[in-house]
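Below is the file entry_9.txt, which contains compact mmCIF, C-alpha atoms.
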```txt
# COMPACT_ATOMS: atom_id res chain seq x y z
CA MET I 1 16.22 161.38 -2.50
CA ARG I 2 13.78 163.12 -0.15
CA ARG I 3 14.18 166.35 -2.08
CA THR I 4 13.38 164.51 -5.33
CA LEU I 5 10.23 162.92 -3.87
CA ALA I 6 9.13 166.26 -2.43
CA THR I 7 9.62 167.89 -5.85
CA ILE I 8 7.55 165.15 -7.55
CA ALA I 9 4.77 165.54 -4.96
CA ALA I 10 4.81 169.33 -5.26
CA THR I 11 4.66 169.18 -9.07
CA ALA I 12 1.82 166.64 -9.05
CA GLY I 13 -0.02 168.76 -6.48
CA VAL I 14 0.31 172.00 -8.45
CA LEU I 15 -0.75 170.30 -11.70
CA ALA I 16 -3.83 168.92 -9.93
CA LEU I 17 -5.05 172.52 -9.61
CA PHE I 18 -5.39 172.73 -13.39
CA ALA I 19 -6.49 169.15 -14.15
CA ARG I 20 -10.05 168.27 -15.12
CA ASP I 21 -11.96 166.75 -12.20
CA PRO I 22 -11.49 162.96 -12.42
CA GLY I 23 -15.06 162.59 -11.18
CA THR I 24 -16.20 163.24 -14.76
CA ALA I 25 -15.00 159.71 -15.61
CA SER I 26 -17.63 158.48 -13.18
CA LEU I 27 -20.28 160.43 -15.05
CA ASP I 28 -19.15 158.75 -18.26
CA ARG I 29 -19.63 155.38 -16.57
CA LEU I 30 -23.13 156.37 -15.41
CA GLY I 31 -24.00 157.41 -18.96
CA LYS I 32 -22.87 154.03 -20.29
CA SER I 33 -24.85 152.15 -17.63
CA ILE I 34 -27.99 154.02 -18.63
CA ALA I 35 -27.36 153.57 -22.38
CA ASN I 36 -26.81 149.83 -21.85
CA GLU I 37 -30.00 149.64 -19.76
CA GLU I 38 -28.09 148.30 -16.74
CA ASP I 39 -29.79 150.78 -14.44
CA HIS I 40 -33.22 149.18 -14.08
CA VAL I 41 -35.06 145.89 -13.61
CA THR I 42 -38.36 144.74 -15.02
CA GLN I 43 -41.10 143.36 -12.82
CA ASP I 44 -40.32 139.78 -13.89
CA GLU I 45 -36.61 140.20 -13.07
CA LEU I 46 -37.52 141.69 -9.70
CA ASN I 47 -39.77 138.71 -8.91
CA GLN I 48 -36.83 136.40 -9.58
CA TRP I 49 -34.49 138.49 -7.41
CA ILE I 50 -36.94 138.47 -4.51
CA LYS I 51 -36.73 134.67 -4.53
CA GLN I 52 -32.97 134.48 -5.01
CA LYS I 53 -31.19 137.44 -3.40
CA LYS I 54 -30.80 137.42 0.37
CA SER I 55 -29.56 140.99 0.75
CA LEU I 56 -32.17 142.57 -1.55
CA ARG I 57 -33.64 145.84 -0.29
CA LEU I 58 -36.79 147.24 -1.85
CA VAL I 59 -36.68 150.97 -1.21
CA ASP I 60 -39.81 153.01 -1.82
CA VAL I 61 -38.81 156.66 -2.39
CA ARG I 62 -42.35 158.07 -2.36
CA SER I 63 -43.54 160.20 0.54
CA LYS I 64 -44.43 158.60 3.87
CA ASP I 65 -48.14 159.31 3.19
CA GLU I 66 -48.07 157.59 -0.17
CA PHE I 67 -46.21 154.68 1.34
CA ALA I 68 -48.78 154.38 4.15
CA LYS I 69 -51.64 154.15 1.64
CA SER I 70 -50.15 151.18 -0.19
CA HIS I 71 -46.76 149.64 -0.75
CA ALA I 72 -45.11 146.51 -2.08
CA ALA I 73 -44.56 143.63 0.32
CA ASN I 74 -41.16 143.83 2.10
CA ALA I 75 -40.58 147.38 0.84
CA GLU I 76 -39.13 149.97 3.20
CA SER I 77 -39.85 153.67 3.06
CA ILE I 78 -37.00 156.08 2.44
CA PRO I 79 -38.47 159.27 0.96
CA MET I 80 -36.59 161.01 -1.82
CA ASP I 81 -35.29 163.82 0.44
CA GLN I 82 -33.60 161.28 2.71
CA ILE I 83 -31.94 159.10 0.05
CA ALA I 84 -28.72 161.13 0.05
CA SER I 85 -28.06 160.37 3.73
CA ALA I 86 -29.80 157.02 4.23
CA ALA I 87 -27.73 154.12 5.57
CA PHE I 88 -26.99 151.24 3.20
CA LYS I 89 -24.44 148.46 3.30
CA SER I 90 -21.99 148.20 0.42
CA ASP I 91 -23.10 144.63 -0.33
CA ASP I 92 -26.83 145.46 -0.40
CA THR I 93 -28.67 145.00 -3.69
CA ILE I 94 -31.02 147.96 -3.78
CA VAL I 95 -34.13 148.22 -5.96
CA LEU I 96 -35.74 151.65 -5.94
CA LEU I 97 -39.48 152.06 -6.32
CA SER I 98 -41.51 155.17 -7.09
CA GLU I 99 -44.92 155.82 -8.57
CA GLY I 100 -43.92 156.17 -12.23
CA GLY I 101 -40.21 155.35 -12.07
CA ALA I 102 -38.85 158.88 -12.59
CA HIS I 103 -38.07 159.62 -8.95
CA ALA I 104 -36.59 156.13 -8.52
CA ALA I 105 -34.31 156.80 -11.51
CA GLN I 106 -33.19 160.07 -9.93
CA ALA I 107 -32.54 158.28 -6.64
CA TRP I 108 -30.48 155.73 -8.64
CA VAL I 109 -28.15 158.53 -9.76
CA ILE I 110 -27.78 159.79 -6.19
CA LEU I 111 -26.89 156.34 -4.85
CA GLN I 112 -24.46 155.72 -7.72
CA MET I 113 -22.74 158.99 -6.87
CA ARG I 114 -22.58 157.85 -3.25
CA GLY I 115 -20.61 154.84 -4.47
CA PHE I 116 -23.25 152.09 -4.35
CA ARG I 117 -23.01 149.82 -7.38
CA SER I 118 -25.76 147.22 -6.95
CA VAL I 119 -28.56 149.73 -7.37
CA TYR I 120 -31.49 149.46 -9.79
CA PHE I 121 -34.91 151.00 -10.19
CA LEU I 122 -38.14 149.31 -11.18
CA ARG I 123 -38.97 150.14 -14.77
CA ASN I 124 -42.34 151.92 -15.08
CA GLY I 125 -42.54 152.11 -11.30
CA ILE I 126 -45.28 150.95 -8.98
CA ALA I 127 -47.94 152.26 -11.35
CA GLY I 128 -46.65 149.99 -14.10
CA ARG I 129 -46.80 147.05 -11.72
CA ARG I 130 -50.31 147.98 -10.64
CA TYR I 131 -51.66 148.10 -14.19
CA GLU I 132 -49.96 144.93 -15.32
CA PRO I 133 -52.61 142.39 -16.41
CA GLY I 134 -53.34 139.76 -13.80
CA ARG I 135 -52.04 141.80 -10.85
CA ASP I 136 -54.16 143.16 -8.04
CA GLY I 137 -52.10 146.17 -7.09
CA CYS I 138 -49.28 146.68 -4.60
CA MET M 1 -4.48 134.96 -0.28
CA THR M 2 -3.92 138.39 -1.82
CA ALA M 3 -5.11 140.06 1.37
CA MET M 4 -2.72 137.93 3.42
CA LEU M 5 0.26 138.82 1.22
CA ILE M 6 -0.61 142.53 1.33
CA GLY M 7 -1.04 142.26 5.10
CA ILE M 8 2.35 140.64 5.55
CA ALA M 9 3.99 143.27 3.33
CA PHE M 10 2.22 146.04 5.25
CA GLY M 11 3.31 144.59 8.60
CA PHE M 12 6.88 144.20 7.35
CA ALA M 13 6.94 147.83 6.19
CA LEU M 14 5.55 149.03 9.54
CA GLU M 15 8.18 147.05 11.43
CA ARG M 16 10.99 148.30 9.20
CA ALA M 17 9.78 151.87 9.80
CA GLY M 18 10.11 151.20 13.51
CA LEU M 19 6.38 151.42 14.17
CA GLY M 20 6.27 148.19 16.15
CA ASP M 21 8.00 150.01 19.01
CA SER M 22 5.49 151.58 21.41
CA ARG M 23 8.05 154.13 22.67
CA LYS M 24 8.49 155.45 19.15
CA LEU M 25 4.73 155.77 18.65
CA ALA M 26 4.15 157.33 22.08
CA GLY M 27 6.90 159.83 21.23
CA GLN M 28 4.52 161.33 18.66
CA PHE M 29 2.20 162.53 21.40
CA TYR M 30 5.08 164.11 23.36
CA PHE M 31 6.62 165.66 20.21
CA THR M 32 9.87 163.81 20.81
CA ASP M 33 9.60 161.56 17.74
CA LEU M 34 7.60 162.59 14.65
CA THR M 35 8.13 159.35 12.69
CA VAL M 36 4.44 158.39 12.84
CA PHE M 37 3.39 161.78 11.57
CA LYS M 38 5.83 161.61 8.66
CA VAL M 39 4.98 158.02 7.74
CA MET M 40 1.22 158.61 7.84
CA PHE M 41 1.33 161.93 5.95
CA THR M 42 3.62 160.37 3.31
CA ALA M 43 1.13 157.51 2.89
CA ILE M 44 -1.80 159.94 2.60
CA VAL M 45 -0.07 162.12 0.00
CA THR M 46 1.15 159.12 -2.03
CA ALA M 47 -2.29 157.48 -2.07
CA MET M 48 -4.10 160.75 -2.79
CA LEU M 49 -1.87 161.75 -5.71
CA GLY M 50 -1.97 158.18 -7.04
CA VAL M 51 -5.77 157.97 -6.93
CA PHE M 52 -6.24 161.47 -8.38
CA TRP M 53 -3.89 161.07 -11.33
CA LEU M 54 -4.75 157.43 -12.10
CA ALA M 55 -8.43 158.42 -12.17
CA ARG M 56 -7.66 161.51 -14.24
CA LEU M 57 -5.76 159.37 -16.77
CA GLY M 58 -8.65 156.89 -16.93
CA VAL M 59 -6.70 153.99 -15.41
CA ILE M 60 -9.16 153.63 -12.51
CA ASP M 61 -12.79 154.64 -12.08
CA LEU M 62 -13.07 156.96 -9.10
CA ALA M 63 -16.62 155.80 -8.41
CA SER M 64 -15.45 152.19 -8.12
CA ILE M 65 -13.45 153.09 -5.01
CA SER M 66 -15.48 152.44 -1.92
CA VAL M 67 -15.72 155.49 0.32
CA PRO M 68 -16.74 154.60 3.88
CA GLU M 69 -19.83 156.41 5.07
CA THR M 70 -19.57 159.03 7.78
CA TYR M 71 -21.54 158.65 11.00
CA LEU M 72 -20.46 161.75 12.87
CA VAL M 73 -21.23 161.08 16.55
CA PRO M 74 -20.25 157.37 16.64
CA GLN M 75 -17.02 158.08 14.75
CA LEU M 76 -16.13 161.06 16.98
CA LEU M 77 -16.62 158.90 20.05
CA GLY M 78 -14.71 156.05 18.44
CA GLY M 79 -11.89 158.43 17.54
CA LEU M 80 -11.65 159.66 21.12
CA ILE M 81 -11.52 156.10 22.49
CA PHE M 82 -9.01 155.13 19.80
CA GLY M 83 -6.82 158.14 20.60
CA ALA M 84 -6.94 157.55 24.35
CA GLY M 85 -6.00 153.90 23.82
CA PHE M 86 -3.22 154.91 21.42
CA VAL M 87 -1.65 157.28 23.97
CA ALA M 88 -2.04 154.82 26.86
CA ALA M 89 -0.68 151.80 24.99
CA GLY M 90 1.70 153.48 22.56
CA LEU M 91 0.26 151.25 19.84
CA CYS M 92 -2.73 151.29 17.50
CA PRO M 93 -4.51 148.08 16.33
CA GLY M 94 -2.25 147.60 13.28
CA THR M 95 1.03 148.32 15.01
CA SER M 96 0.01 146.21 18.03
CA CYS M 97 -0.21 143.19 15.70
CA VAL M 98 3.23 144.05 14.30
CA SER M 99 4.59 144.43 17.82
CA ALA M 100 3.02 141.14 18.96
CA ALA M 101 4.35 139.34 15.86
CA THR M 102 7.88 140.34 16.80
CA GLY M 103 7.36 138.91 20.30
CA ARG M 104 7.04 142.13 22.27
CA ALA M 105 5.01 141.64 25.45
CA ASP M 106 3.38 145.08 25.27
CA GLY M 107 2.15 144.28 21.76
CA LEU M 108 0.59 141.03 22.98
CA ALA M 109 -1.06 142.88 25.87
CA VAL M 110 -2.58 145.46 23.52
CA VAL M 111 -3.88 142.78 21.13
CA PHE M 112 -5.44 140.99 24.12
CA GLY M 113 -7.02 144.27 25.29
CA LEU M 114 -8.23 145.02 21.77
CA PHE M 115 -10.14 141.77 21.39
CA THR M 116 -11.42 141.95 24.97
CA GLY M 117 -12.84 145.39 24.16
CA VAL M 118 -14.46 144.09 20.98
CA LEU M 119 -16.07 141.21 22.89
CA LEU M 120 -17.28 143.48 25.70
CA CYS M 121 -18.81 145.95 23.22
CA GLY M 122 -20.61 143.12 21.46
CA ALA M 123 -21.80 141.63 24.77
CA ALA M 124 -23.05 145.05 25.91
CA GLY M 125 -25.31 145.19 22.88
CA LEU M 126 -23.55 148.11 21.19
CA GLY M 127 -23.45 146.09 17.99
CA ASP M 128 -27.21 146.22 17.42
CA GLY M 129 -26.71 148.99 14.88
CA HIS M 130 -28.75 151.73 16.54
CA PHE M 131 -25.84 153.74 17.92
CA TYR M 132 -23.59 153.06 14.92
CA ASN M 133 -26.17 154.55 12.56
CA LEU M 134 -26.59 157.87 14.40
CA THR M 135 -25.94 161.14 12.48
CA PRO M 136 -25.34 159.64 9.02
CA ARG M 137 -23.62 161.99 6.54
CA GLY M 138 -23.26 159.61 3.60
CA THR M 139 -20.01 159.16 1.69
CA GLU M 140 -18.98 162.75 2.17
CA THR M 141 -15.55 163.71 0.81
CA LEU M 142 -13.52 166.88 1.41
CA PRO M 143 -14.33 168.45 -2.02
CA GLN M 144 -18.06 167.93 -1.33
CA LEU M 145 -17.82 169.21 2.23
CA LEU M 146 -15.77 172.30 1.33
CA HIS M 147 -17.48 172.93 -2.04
CA VAL M 148 -14.16 173.23 -3.84
CA PRO M 149 -12.78 171.30 -6.85
CA TYR M 150 -11.01 168.02 -6.16
CA GLY M 151 -7.71 169.40 -7.53
CA VAL M 152 -7.74 172.27 -5.03
CA VAL M 153 -8.02 169.83 -2.12
CA VAL M 154 -5.17 167.73 -3.56
CA PHE M 155 -2.97 170.81 -3.87
CA ALA M 156 -3.85 172.01 -0.35
CA VAL M 157 -3.06 168.64 1.25
CA VAL M 158 0.27 168.36 -0.60
CA ALA M 159 1.19 171.93 0.39
CA MET M 160 0.21 171.23 4.00
CA ALA M 161 2.25 167.98 4.07
CA LEU M 162 5.39 169.54 2.62
CA THR M 163 5.15 172.50 4.99
CA MET M 164 4.67 170.21 7.99
CA PHE M 165 7.58 167.99 6.91
CA LYS M 166 9.81 171.05 6.77
CA LEU M 167 8.66 172.19 10.21
CA ALA M 168 9.19 168.68 11.60
CA GLU M 169 12.77 168.67 10.31
CA ARG M 170 13.45 172.06 11.92
CA PHE M 171 11.86 170.85 15.16
CA LYS M 172 14.06 167.77 15.12
CA ALA M 173 17.19 169.84 14.46
CA ALA M 174 16.34 172.26 17.26
CA SER M 175 15.64 169.58 19.89
```
Structure re-expressed in structure tokens:
Amino acid sequence: MRRTLATIAATAGVLALFARDPGTASLDRLGKSIANEEDHVTQDELNQWIKQKKSLRLVDVRSKDEFAKSHAANAESIPMDQIASAAFKSDDTIVLLSEGGAHAAQAWVILQMRGFRSVYFLRNGIAGRRYEPGRDGC
Amino acid sequence: MTAMLIGIAFGFALERAGLGDSRKLAGQFYFTDLTVFKVMFTAIVTAMLGVFWLARLGVIDLASISVPETYLVPQLLGGLIFGAGFVAAGLCPGTSCVSAATGRADGLAVVFGLFTGVLLCGAAGLGDGHFYNLTPRGTETLPQLLHVPYGVVVFAVVAMALTMFKLAERFKAAS
């Protein structure tokens, strides 16, 4: 019995050397999330979430200097170069903010690869919010 | 409910493997009984091969599996305290519950000590998050750390386990 189990384990282990990395399935999932537009929130959706979600974290990925000049209320600064090692809880809902949205989208990919699922970025970024009619900036 | 059923099954399996007996567990550290080593390595290899191949066959999404984040210094210190407690008591938190459930006094004593330690840590303010968040490394896995493909790590761990099992059998036969 033990010899049989050892043989199965050894075979599965050797075959793993030649198997395609199963992580590529995760990349497929990321691609589908982006195609289905499940990766971002609009400003109106974000306003609703701020009222409703208790564990919402607004993460501004711009530099510390840019953050110091102006930032959204309740936002916290985690610059792009620190996103890969920043501490988050698995049940946090994270909304990423950047000037135009591109860096926030890149940070979204990093956090998805780290295993966080409730991650979104603000469509059109802080600049889009700033130029929205009727708003007075961040 | 599901968690409770899995917990009962896990506890039953631990007890049947003899891991509710502190002498058996302490024997690991004196190389007189390698049951713990064999049980744990078997569990690691089974889970690793299962996750790898189920993900490879598209049955599960690897990214949907939560990987705990690494905080190097707090976890090293925690590991040292855990190991010292394991040697001293002959039981770890899981097996102490199994031992206590079967009415062993040493199991009850370890469970009491476990919760006393948790309460003292909380009362000492260690739970404020500052220390726990030191030296964050993210959800780092062995393939990322070693910069090798996932399959190579799987093969290496299986090879290591089978080699160690063989050595453990020879050690047992010789002693």
Quiz item: Looking at M:Ala55, M:Val98, M:Val153, M:Leu145, which one is nearest to chain I, with distances taken over all atoms listed in the file?
Solution: M:Ala55
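Summary of the local environment: counting only C-alpha atoms, residues at most 10 Å from Leu108 (chain M), other than itself and those fewer than 6 positions away along its chain, are Ser96, Cys97, Val98, Ser99, Ala100, Ala101, Thr102 and Leu114 of chain M.
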Practice problem: Determine the nearest neighbour of Ala16 (chain I) from the options M:Gly11, M:Pro74, M:Gly18, M:Gly50, counting all atoms listed in the file. | Solution: M:Gly50
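Pairwise distance (CA of Thr141 (chain M), CA of Thr163 (chain M)) equals 22.9 Å.
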Exercise. Starting from the point (-43.6, 149.8, 2.8), work out which residues of protein, DNA or RNA have an atom no more than 6 Å away when counting all atoms listed in the file; state them as a ChimeraX atom specification.
Key: /I:67,71,75-77
Can you write out as a tab-separated table which residues of region 25-90 of chain I fall within 7 Å of region 101-109 of chain I, alongside each residue's closest atom pair and its distance in Å to one decimal, counting only C-alpha atoms and ordering rows by chain and ascending residue number?
```
residue	atom	partner	partner_atom	distance
I:Val61	CA	I:Ala104	CA	6.5
I:Met80	CA	I:Ala107	CA	6.9
I:Ile83	CA	I:Ala107	CA	6.8
```
Quiz prompt | Test item: residues at most 8 Å from Asp21 (chain I), only C-alpha atoms, excluding those fewer than 4 positions along its chain, as JSON, numbers by chain | solution = {"M": [56, 149, 150, 151]}
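Distance criterion 6 Å to chain M, applied with all atoms listed in the file, yields Gly13, Val14, Ala16, Leu17, Pro22, Ser26, Ser85, Arg114 and Gly115 of chain I on chain I.
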Exercise. Excluding Arg57 (chain I) and any residue of its chain fewer than 4 positions from it, enumerate the residues within 7 Å of it, using all atoms listed in the file, and give them as a PyMOL selection string.
Key: chain I and resi 92-95
Practice problem: Have a look at M:Phe171, M:Phe112, M:Tyr132, M:Phe86 and name the one nearest to Ala26 (chain M); count all atoms listed in the file. | Solution: M:Phe86
Exercise. Tell me which protein, DNA and RNA residues are within 12 Å of region 33-35 of chain I, counting only C-alpha atoms, leaving out same-chain ones fewer than 3 positions away, and put them as a list of chain:residue names.
Key: I:Ser26, I:Leu27, I:Asp28, I:Arg29, I:Leu30, I:Glu38, I:Asp39, I:His40, I:Val41, I:Ala105, I:Gln106, I:Trp108, I:Val109, I:Gln112, I:Arg117, I:Ser118, I:Val119, I:Tyr120, I:Phe121
Exercise. In the coordinates of the file, take the point (-43.1, 160.0, -4.6) and a cut-off of 6 Å; then, counting only C-alpha atoms, name each qualifying protein, DNA or RNA residue as number ranges by chain.
Key: I: 61-63, 98
